[in-house]
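Quick notes on the structure that follows.
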Amino acid sequence: MQSGMDTISQSFAVALGLVAHLDPRLTEIVGLSLAVSLTATLISAAIGLPLGAAIAIGRFPGRAPLIVVLNAAMGLPPVVVGLFVYLLLSRAGPLGPFGLLFTPPAMVIAQTVLIVPIVAALTRQFVEDAWSEYREQLASLRSSWLQSTATLLWDTRWSLATVLLAGFGRAAAEVGAVMIVGGNIDGVTRVMTTAIALETSKGDLPLALGLGLVLITLVMALNVGAHVTRHYARLRFG
Amino acid sequence: MGDAEVAVDGLPIVATDVDVVRRDTRVLSDVDATIRAARRTFILGPNGSGKSTLLRVLHGLLAPVRGQVTWGGLTAPPPGQAMVFQRAVLLRRSAAGNIRHALKLAGVRGAEAQRRVADALSTVGLAALAERPARVLSGGEQQRLALARAWALAPRVLFLDEPTASLDPAAARAVEAIVRDFHALGTTIVMTTHNLAQAKRLADEVVFLDGGRVTEHTAAEQFFRSPRSLQAKTFLEGERL
């Protein structure tokens with residue numbers, strides 16, 4: 001056990017060194033992770049914010065089951081999403097001709113599928129809460145459907161910012177989907193989570209730990225950011 | 001009803017044979033009511049008599065299941081109406097931002113909007129709080145801001161649904177003073193209240209509702225002296241006990 005503890009503490013020291021000196025292997029992986037997950041988050045925002053708002057305000061048949069499905073889809077298993085996107089993108093699949101499998105765009109697609117339900121479901125919740133409060137007042141002001149949607153999205157913008165932070169955190173921290181559709185190719189599709197999985201199994205603990213530290217810091221920073229945003233918004237806007 | 005009355009924009013508001021059903025319960029039955037221009041009409045009645053519902057029907061927020069409402073002969077509510085709710089519904093913006101939002105919806109922008117925002121805020125005594133977030137204002141200030149938002153729209157008709165019910169007496173007096181200012185400018189007032197002293201101070205006419213039916217529509221002075229309907233008599237006597 002003694003030597004085991006030594007290995008871990010040594011690895012930890014090396015890992016801190018890698019982070020402190022911005023080791024190129026490490027920064028490349030972190031950079032790709034951020035690029036992929038940020039892109040997926042932006043696309044999810046473009047789809048999920050209007051979708052969530054439309055479901056919040058709209059009254060149409062099948063709305064209640066749709067909300068149940070959407071909420072359930074927040075917990076989609078990343079591995080299964082990966083498999084699904086893999087089938088779509090594989091050479092025999094409907095999107096095969098685009099040759100996206102094992103490229104960063106494939107990972108963006110998988111993460112987008114994973115977090116659109118999160119963004120849409122949480123947006124629906126926040127916008128609907130505000131809507132139930134604003135509805136009569138906006139009707140009294142003769143606000144159109146489109147004007148009401150714009151008002152609600154603007155008034156819930158701080159809550160929606162925390163929704164996007166949550167989506168980004170989920171995208172950056174998942175491993176199953178990007179592993180399957182990205183293939184964890186060194187220098188091409190290797191991101192933090194897949195690198196950690198690989199380096200750990202190879203026994204290269206310092207790099208795995210270094211990446212782990214960066215990932216944990218990122219996730220914690222996102223959560224602190226969300227908390228501060230909520231707190232600020234409550235103080236500032238009530 | 002003469003032609004002269006029809007000529008006034010959106011007035012009178014006439015409800016004819018109105019029935020309203022909410023959640024399988026009939027809340028208004030065979031209601032006839034006329035809101036005349038530049039008058040202060042108070043809708044009074046016990047809890048659950050349908051006062052707020054009638055107010056919403058007259059404002060066009062709620063469509064009757066039977067009967068009809070016309071606004072100066074029109075079958076849809078025209079612009080130029082505003083409503084203040086029991087608990088002010090304010091957006092997550094500054095006090096001035098709330099008024100700007102309403103003006104924008106009414107198509108008023110730029111310098112004219114700025115002028116109206118400043119005028120409305122100073123009318124209700126909130127000029128100093130223009131940039132304060134609306135939802136952190138006190139209850140009385142929030143209600144005054146809701147009135148300022150209505151003021152900026154320069155409505156021909158102002159609906160108020162128990163606007164002072166959750167306010168302390170001083171804040172309630174401030175609201176009453178603003179309602180008087182509206183009326184002084186010729187705004188038609190339609191208001192519900194539980195406060196009979198307030199109704200006595202402000203009302204020109206009273207529509208009395210009981211169990212979703214109008215039992216009388218009388219001049220206020222006459223209503224408080226000797227109401228015609230037994231229901232109103234009982235209601236006023238209950239208040240005196």
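Ordering of the structure tokens sets the chain letters (A, B, ...); residue numbers start at 1 within each chain; ligands are numbered from 1 in the order shown.
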
Practice problem: Write down as an NGL selection string the residues of region 11-187 of chain B whose backbone DSSP state falls under strand (DSSP E). | Solution: :B and (13-22 or 25-35 or 40-44 or 66-71 or 81-84 or 157-161)

Residues of the last selection are to be written out with C-alpha atoms, as a compact mmCIF listing (two decimals), in the first residue's frame.
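The result, written out as selection_36.txt:
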```txt
# COMPACT_ATOMS: atom_id res chain seq x y z
CA ILE B 13 -68.89 49.11 -22.86
CA VAL B 14 -72.07 47.05 -22.95
CA ALA B 15 -72.36 43.50 -21.64
CA THR B 16 -75.55 41.73 -22.67
CA ASP B 17 -76.81 38.41 -21.26
CA VAL B 18 -73.27 37.37 -20.38
CA ASP B 19 -72.59 33.89 -18.98
CA VAL B 20 -69.09 32.85 -17.94
CA VAL B 21 -68.09 29.34 -16.93
CA ARG B 22 -64.73 28.68 -15.34
CA THR B 25 -68.54 26.39 -12.52
CA ARG B 26 -70.86 29.13 -13.70
CA VAL B 27 -69.42 32.36 -12.33
CA LEU B 28 -71.55 34.88 -14.21
CA SER B 29 -75.20 34.41 -15.26
CA ASP B 30 -77.30 36.68 -17.50
CA VAL B 31 -75.18 39.68 -16.70
CA ASP B 32 -76.15 42.98 -18.25
CA ALA B 33 -73.94 45.95 -17.51
CA THR B 34 -73.14 49.26 -19.15
CA ILE B 35 -69.96 51.20 -18.50
CA ARG B 40 -66.32 55.76 -12.09
CA THR B 41 -68.21 52.50 -11.96
CA PHE B 42 -67.56 50.23 -8.99
CA ILE B 43 -68.35 46.54 -9.12
CA LEU B 44 -69.23 45.46 -5.60
CA ARG B 66 -72.93 33.12 -23.92
CA GLY B 67 -74.02 36.69 -24.50
CA GLN B 68 -71.81 39.43 -25.83
CA VAL B 69 -69.76 42.46 -24.95
CA THR B 70 -69.40 45.47 -27.22
CA TRP B 71 -67.01 48.37 -26.94
CA GLN B 81 -57.65 50.29 -22.19
CA ALA B 82 -55.39 49.40 -19.27
CA MET B 83 -55.77 47.21 -16.22
CA VAL B 84 -54.19 47.20 -12.78
CA VAL B 157 -60.71 53.18 -19.74
CA LEU B 158 -58.82 52.00 -16.66
CA PHE B 159 -59.79 48.73 -14.97
CA LEU B 160 -58.65 48.13 -11.39
CA ASP B 161 -59.11 44.80 -9.64
```

Quiz item: Residues of chain A within 8 Å of chain B, using only C-alpha atoms, as a PyMOL selection string?
Solution: chain A and resi 133-134+136-137+139-143+147+155+236-238

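What separates CA of Ser122 (chain B) from CA of Pro163 (chain B) is a distance of 19.5 Å.
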
Quiz item: Near Ser138 (chain B), within 12 Å and counting only C-alpha atoms, which residues show up once chain neighbours fewer than 6 positions away are dropped, as a ChimeraX atom specification?
Solution: /A:238 /B:87-88,95,126,129,132,144-145,166-168,171

Practice problem: One decimal, Å: what's the distance from CA of Leu32 (chain A) over to CA of Gly75 (chain A), could you say? | Solution: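 Taking CA of Leu32 (chain A) and CA of Gly75 (chain A), their separation equals 24.6 Å.
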
Self-check item: Selected residue, from B:Ala148, B:Phe235, B:Arg213, B:Gly97, that lies nearest to Asp181 (chain B) when counting only C-alpha atoms
Solution: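 Between B:Ala148, B:Phe235, B:Arg213, B:Gly97, the residue approaching Asp181 (chain B) most closely is B:Ala148.
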
Practice problem: Based on DSSP run over this structure's backbone, return all residues of region 47-164 of chain A in alpha helix (DSSP H), as a PyMOL selection string. | Solution: chain A and resi 47-57+63-73+78-89+104-140+145-155+157-164
